[in-house]
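Undergrad: Dropping a structure here in structure tokens format, bear with me for questions.
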Amino acid sequence: MADIADTREKPAAARPPERRPWPHWAITLTSVVCAVALWEFFGRNINPVFGSYPSAIAVAFWELARSGQLNGALYESLQPFFVGYGLAIVLGVPLGLIIGGWRVAGAALGIYVTAGYAMPLVALVPLLILWLGLGFAVKVAVIFLMSVFPICINTWLGVMSVPRTLIEVGKSFVAPNTVILRRIVLPATLPYIMAGIRLAVGRAVVGMVIAEFFTTISGLGAVIINSANNFDTATMFVPIIILMVMAIGLNWLIGWVERKIAPWQAEIAGQDRE
Amino acid sequence: MGEVKFADVSKEFSLRVAGELQHVRALDRVNFNVRDGEIVALLGPSGCGKTTALRVAMGLDAASSGRVTVDGSEVRACGYDRGMVFQHAELLPWLNALQNVMFGLEMKGMRGTELKDTAMKYLDLVGLADSYNRRPHQLSGGMKQRVGIARALAIDPKVLLMDEPFGALDAQTREAMQAELLEIHARTKKTILFVTHDLDEAVLIADRIVVMREGRVCEVMDVPLSRPRADLGVVRGLPVFADTRYRVWRLLHDDVPTAH
């Protein structure tokens, strides 16, 4: 029969040991290992034309790497990727700042940015090939067009989200508009800019592959198309997985940069504790 | 010198409410002055125009007619002669406490060691020297507000303009901050004009209270409590305090014709 005495805390020795929560990376790793294991188990039963499984893909990866094909393809793909993505940041962020910061510019240019974001790039690629040919330039253009709009729009939204009271703080200390932009609006917008840059990574990767599908001379997209045409599904998966890993890696890298240059946002949201 | 004069200040603005254009007369021929070194409270119910009046004095909003002068010169925009303290401190979240205090000084053109030393001095004045490298989200509400006050004082303004500075704080912190403001005033002798809706606060801190209703000044009332008001707990118990508070309360609740 329960009585008051039973509600006392059990002595330390009798209590179950406190369980520390699993760190973030351990949970992610476990999830991935489980997914790969499941894929391996069920994938072996699929017709190799329709699908593949991790160990076959690993063998194909080794073949590609050994023959030097993978290095060549990566080199071909990553060059336009970084140029296009880099240009998107260099042009998209200032454009977003201008559209968000100046009423006239916003009204004049905002509409093109919004339209551009929704534009089906796949439909435009043939036109771009007509204009720019089949080489480096068209790949850069496609990647740039895919990534510049989310970067621009997020920056724009960030500028509009700066609390009016913060700007009034600047005004109360007689700061000219340029100083308010540099010292208040820009730091306040940084988290939004980083969000835009993060979102653009995935789109830039997609843009890279789309560009290569249409030009199919070299690069990872070419490997995908060629192996698909040969019904070599295992090899086809290799660039796909590489691209996904690349996107994850870039995302992580951007998160690291974000924590370095704008640490206060994570601290405020309590996200800096694992 | 830090004398503030409100001369026939009116402020109107238009609001589009449900498709209709409404004209709101937020201030109607407001006249009062704040003498050098005085603490004056702008008191009134919600929507009476007290914050609008303060914002005109700050230079953040323009009067529709009439003018506000500081030591004779008309207020047209913000200036270093007026330091502002906002209701929610409004510190820049990416700067630590010291850098926030330095911000106003940097705008004024100060650089180098003088900049840091001056900022540190004012941070010390509000008792936060030890927390100089903490960021705003690591500070309590009262601490944030104190940084806000230090930031405004650091530029050495003639007048301190405060918009419900303790309104966002809990009751106990508010009382501590009220005492601290009186201490800062005793030390710096700044002219202070602050907006509040709290009758107790107005009577406790101010030399005079400008009671406003519906955009107009009802009355400018003297607070017959002598300085220094060292122990606010004792002050609250004085009959003079209760009497003054009651007179203000009556003003706010009676249908009394307003004075211009």
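Note on naming: chains are A, B, ... as they come in the structure tokens, residues start from 1 per chain, ligands start from 1 in the order shown.
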With a distance cut-off of 12 Å and only C-alpha atoms, select the neighbouring residues of A:Asn47, excluding the residue or stretch itself and same-chain residues fewer than 4 positions from it, and output the selection as a list of chain:residue names.

TA: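 Here the qualifying residues turn out to be A:Phe42, A:Gly43, A:Gly51, A:Ser52, A:Tyr53, A:Phe231, A:Asp232, A:Thr233, A:Ala234.
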
Undergrad: Find the spatial neighbours of B:Leu238, counting only C-alpha atoms, within a cut-off of 12 Å - ignore same-chain residues fewer than 3 positions away - and output them as number ranges by chain.

TA: B: 203-204, 224-226, 229, 231-235, 241-245

Undergrad: Fewer than 5 positions away in the same chain doesn't count, so skip those; otherwise give me all residues within 10 Å of stretch 103-116 of chain A, counting only C-alpha atoms, as a PyMOL selection string.

TA: chain A and resi 92+95-98+121+145-146+148-150+152-153+156

Undergrad: May I have the selected residues written with N, CA and C atoms, as a compact mmCIF listing (two decimals), in the first residue's frame?

TA:
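Everything below was put into result_38.txt:
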# COMPACT_ATOMS: atom_id res chain seq x y z
N GLY A 92 23.37 38.09 -56.75
CA GLY A 92 22.05 37.96 -56.14
C GLY A 92 21.90 38.73 -54.84
N LEU A 95 21.64 42.53 -55.39
CA LEU A 95 20.37 42.81 -56.05
C LEU A 95 19.23 42.73 -55.04
N GLY A 96 19.27 41.71 -54.19
CA GLY A 96 18.24 41.56 -53.16
C GLY A 96 18.25 42.73 -52.19
N LEU A 97 19.44 43.21 -51.84
CA LEU A 97 19.55 44.35 -50.93
C LEU A 97 18.94 45.59 -51.56
N ILE A 98 19.20 45.77 -52.86
CA ILE A 98 18.67 46.97 -53.54
C ILE A 98 17.16 46.89 -53.65
N LEU A 121 13.16 26.38 -66.07
CA LEU A 121 14.43 26.52 -66.75
C LEU A 121 14.63 25.46 -67.83
N LEU A 145 21.25 30.86 -63.37
CA LEU A 145 19.82 31.19 -63.38
C LEU A 145 19.03 30.38 -62.38
N MET A 146 19.45 29.15 -62.14
CA MET A 146 18.75 28.33 -61.15
C MET A 146 18.97 28.84 -59.72
N VAL A 148 20.35 32.02 -58.67
CA VAL A 148 20.34 33.44 -58.31
C VAL A 148 19.02 33.89 -57.69
N PHE A 149 17.90 33.28 -58.15
CA PHE A 149 16.62 33.80 -57.68
C PHE A 149 16.31 33.50 -56.21
N PRO A 150 16.52 32.28 -55.73
CA PRO A 150 16.30 32.10 -54.29
C PRO A 150 17.22 32.97 -53.44
N CYS A 152 18.45 35.92 -54.24
CA CYS A 152 17.96 37.30 -54.32
C CYS A 152 16.69 37.49 -53.49
N ILE A 153 15.76 36.56 -53.64
CA ILE A 153 14.48 36.71 -52.94
C ILE A 153 14.65 36.62 -51.43
N TRP A 156 16.11 39.82 -50.23
CA TRP A 156 15.04 40.83 -50.33
C TRP A 156 14.11 40.72 -49.11

Undergrad: Which residue gives the smallest distance to A:Pro191 among A:Ile89, A:Val209, A:Ala262, A:Ala73, with only C-alpha atoms counted?

TA: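 Using only C-alpha atoms, A:Pro191 sits closest to A:Ala262.
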
Undergrad: So which residues touch A:Gln79 within 9 Å, counting only C-alpha atoms, skipping near sequence neighbours fewer than 5 positions away, as a list in words?

TA: Leu74, Gly84, Phe136 and Val140 of chain A

Undergrad: Once you have the residues from the selection above, write them out as an mmCIF file, in the first residue's frame, restricted to C-alpha atoms.

TA:
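This is the output file selection.cif:
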data_model
loop_
_atom_site.group_PDB
_atom_site.id
_atom_site.type_symbol
_atom_site.label_atom_id
_atom_site.label_comp_id
_atom_site.auth_asym_id
_atom_site.auth_seq_id
_atom_site.Cartn_x
_atom_site.Cartn_y
_atom_site.Cartn_z
ATOM 1 C CA LEU A 74 33.924 15.742 -61.613
ATOM 2 C CA GLY A 84 27.710 29.763 -61.713
ATOM 3 C CA PHE A 136 31.279 26.130 -70.440
ATOM 4 C CA VAL A 140 27.423 28.479 -66.040
#

Undergrad: Counting only C-alpha atoms, a student should be able to say which residues of chain A come within 10 Å of chain B; what is the right answer, written as an MDAnalysis selection string?

TA: chainID A and resid 163 165:176 179 183:184 187:188 261:265 267:269

Undergrad: May I have the residues from that selection written out with N, CA and C atoms, as a PDB file, in the first residue's frame?

TA:
ATOM      1  N   PRO A 163      13.465  44.884 -38.353  1.00  0.00           N
ATOM      2  CA  PRO A 163      12.461  45.614 -37.581  1.00  0.00           C
ATOM      3  C   PRO A 163      12.661  47.121 -37.730  1.00  0.00           C
ATOM      4  N   THR A 165      12.100  49.359 -35.729  1.00  0.00           N
ATOM      5  CA  THR A 165      12.665  49.958 -34.524  1.00  0.00           C
ATOM      6  C   THR A 165      14.191  49.923 -34.561  1.00  0.00           C
ATOM      7  N   LEU A 166      14.773  48.855 -35.141  1.00  0.00           N
ATOM      8  CA  LEU A 166      16.232  48.803 -35.223  1.00  0.00           C
ATOM      9  C   LEU A 166      16.757  49.912 -36.119  1.00  0.00           C
ATOM     10  N   ILE A 167      16.037  50.162 -37.205  1.00  0.00           N
ATOM     11  CA  ILE A 167      16.453  51.239 -38.097  1.00  0.00           C
ATOM     12  C   ILE A 167      16.318  52.582 -37.392  1.00  0.00           C
ATOM     13  N   GLU A 168      15.276  52.703 -36.547  1.00  0.00           N
ATOM     14  CA  GLU A 168      15.105  53.957 -35.816  1.00  0.00           C
ATOM     15  C   GLU A 168      16.233  54.166 -34.814  1.00  0.00           C
ATOM     16  N   VAL A 169      16.790  53.068 -34.313  1.00  0.00           N
ATOM     17  CA  VAL A 169      17.962  53.210 -33.450  1.00  0.00           C
ATOM     18  C   VAL A 169      19.072  53.907 -34.230  1.00  0.00           C
ATOM     19  N   GLY A 170      19.276  53.456 -35.454  1.00  0.00           N
ATOM     20  CA  GLY A 170      20.297  54.084 -36.299  1.00  0.00           C
ATOM     21  C   GLY A 170      19.987  55.558 -36.512  1.00  0.00           C
ATOM     22  N   LYS A 171      18.705  55.828 -36.803  1.00  0.00           N
ATOM     23  CA  LYS A 171      18.311  57.221 -37.047  1.00  0.00           C
ATOM     24  C   LYS A 171      18.501  58.068 -35.799  1.00  0.00           C
ATOM     25  N   SER A 172      18.215  57.474 -34.637  1.00  0.00           N
ATOM     26  CA  SER A 172      18.293  58.273 -33.411  1.00  0.00           C
ATOM     27  C   SER A 172      19.725  58.693 -33.132  1.00  0.00           C
ATOM     28  N   PHE A 173      20.707  57.975 -33.691  1.00  0.00           N
ATOM     29  CA  PHE A 173      22.095  58.394 -33.543  1.00  0.00           C
ATOM     30  C   PHE A 173      22.609  59.066 -34.808  1.00  0.00           C
ATOM     31  N   VAL A 174      21.666  59.617 -35.575  1.00  0.00           N
ATOM     32  CA  VAL A 174      21.981  60.443 -36.747  1.00  0.00           C
ATOM     33  C   VAL A 174      22.864  59.693 -37.745  1.00  0.00           C
ATOM     34  N   ALA A 175      22.600  58.423 -37.934  1.00  0.00           N
ATOM     35  CA  ALA A 175      23.384  57.676 -38.920  1.00  0.00           C
ATOM     36  C   ALA A 175      22.798  57.932 -40.308  1.00  0.00           C
ATOM     37  N   PRO A 176      23.651  58.258 -41.289  1.00  0.00           N
ATOM     38  CA  PRO A 176      23.139  58.418 -42.653  1.00  0.00           C
ATOM     39  C   PRO A 176      22.673  57.072 -43.209  1.00  0.00           C
ATOM     40  N   VAL A 179      25.132  54.264 -43.821  1.00  0.00           N
ATOM     41  CA  VAL A 179      25.650  53.636 -42.609  1.00  0.00           C
ATOM     42  C   VAL A 179      24.603  52.699 -42.021  1.00  0.00           C
ATOM     43  N   ARG A 183      25.618  48.989 -41.334  1.00  0.00           N
ATOM     44  CA  ARG A 183      25.812  48.588 -39.950  1.00  0.00           C
ATOM     45  C   ARG A 183      24.596  47.960 -39.301  1.00  0.00           C
ATOM     46  N   ILE A 184      23.395  48.197 -39.871  1.00  0.00           N
ATOM     47  CA  ILE A 184      22.196  47.635 -39.255  1.00  0.00           C
ATOM     48  C   ILE A 184      21.476  46.674 -40.196  1.00  0.00           C
ATOM     49  N   PRO A 187      23.847  43.343 -41.296  1.00  0.00           N
ATOM     50  CA  PRO A 187      23.960  42.284 -40.282  1.00  0.00           C
ATOM     51  C   PRO A 187      22.617  41.654 -39.938  1.00  0.00           C
ATOM     52  N   ALA A 188      21.567  42.482 -39.910  1.00  0.00           N
ATOM     53  CA  ALA A 188      20.251  41.931 -39.576  1.00  0.00           C
ATOM     54  C   ALA A 188      19.768  40.983 -40.666  1.00  0.00           C
ATOM     55  N   ILE A 261      30.121  33.606 -39.220  1.00  0.00           N
ATOM     56  CA  ILE A 261      29.916  35.035 -39.450  1.00  0.00           C
ATOM     57  C   ILE A 261      28.643  35.572 -38.814  1.00  0.00           C
ATOM     58  N   ALA A 262      27.685  34.707 -38.490  1.00  0.00           N
ATOM     59  CA  ALA A 262      26.442  35.216 -37.880  1.00  0.00           C
ATOM     60  C   ALA A 262      26.032  34.313 -36.732  1.00  0.00           C
ATOM     61  N   PRO A 263      26.860  34.195 -35.714  1.00  0.00           N
ATOM     62  CA  PRO A 263      26.567  33.233 -34.658  1.00  0.00           C
ATOM     63  C   PRO A 263      25.382  33.599 -33.785  1.00  0.00           C
ATOM     64  N   TRP A 264      24.992  34.852 -33.793  1.00  0.00           N
ATOM     65  CA  TRP A 264      23.972  35.256 -32.838  1.00  0.00           C
ATOM     66  C   TRP A 264      22.613  34.648 -33.117  1.00  0.00           C
ATOM     67  N   GLN A 265      22.311  34.372 -34.383  1.00  0.00           N
ATOM     68  CA  GLN A 265      20.992  33.851 -34.716  1.00  0.00           C
ATOM     69  C   GLN A 265      20.785  32.467 -34.105  1.00  0.00           C
ATOM     70  N   GLU A 267      22.374  31.272 -31.574  1.00  0.00           N
ATOM     71  CA  GLU A 267      22.361  31.379 -30.120  1.00  0.00           C
ATOM     72  C   GLU A 267      20.987  31.801 -29.635  1.00  0.00           C
ATOM     73  N   ILE A 268      20.380  32.756 -30.361  1.00  0.00           N
ATOM     74  CA  ILE A 268      19.058  33.233 -29.971  1.00  0.00           C
ATOM     75  C   ILE A 268      18.033  32.113 -30.069  1.00  0.00           C
ATOM     76  N   ALA A 269      18.140  31.327 -31.145  1.00  0.00           N
ATOM     77  CA  ALA A 269      17.140  30.286 -31.343  1.00  0.00           C
ATOM     78  C   ALA A 269      17.448  29.048 -30.519  1.00  0.00           C
TER      79      ALA A 269
END

Undergrad: Please measure the separation of atom CA of B:Asp61 and atom CA of B:Val24, giving the value in Å to one decimal.

TA: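 So the two atoms, atom CA of B:Asp61 and atom CA of B:Val24, lie 14.8 Å apart.
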
Undergrad: I'd like to know which residues of stretch 52-138 of chain B are helix (DSSP H, G or I) (by DSSP, run on the backbone); could you write them as a PyMOL selection string?

TA: chain B and resi 52-58+97-108+112-125+129-131+136-138
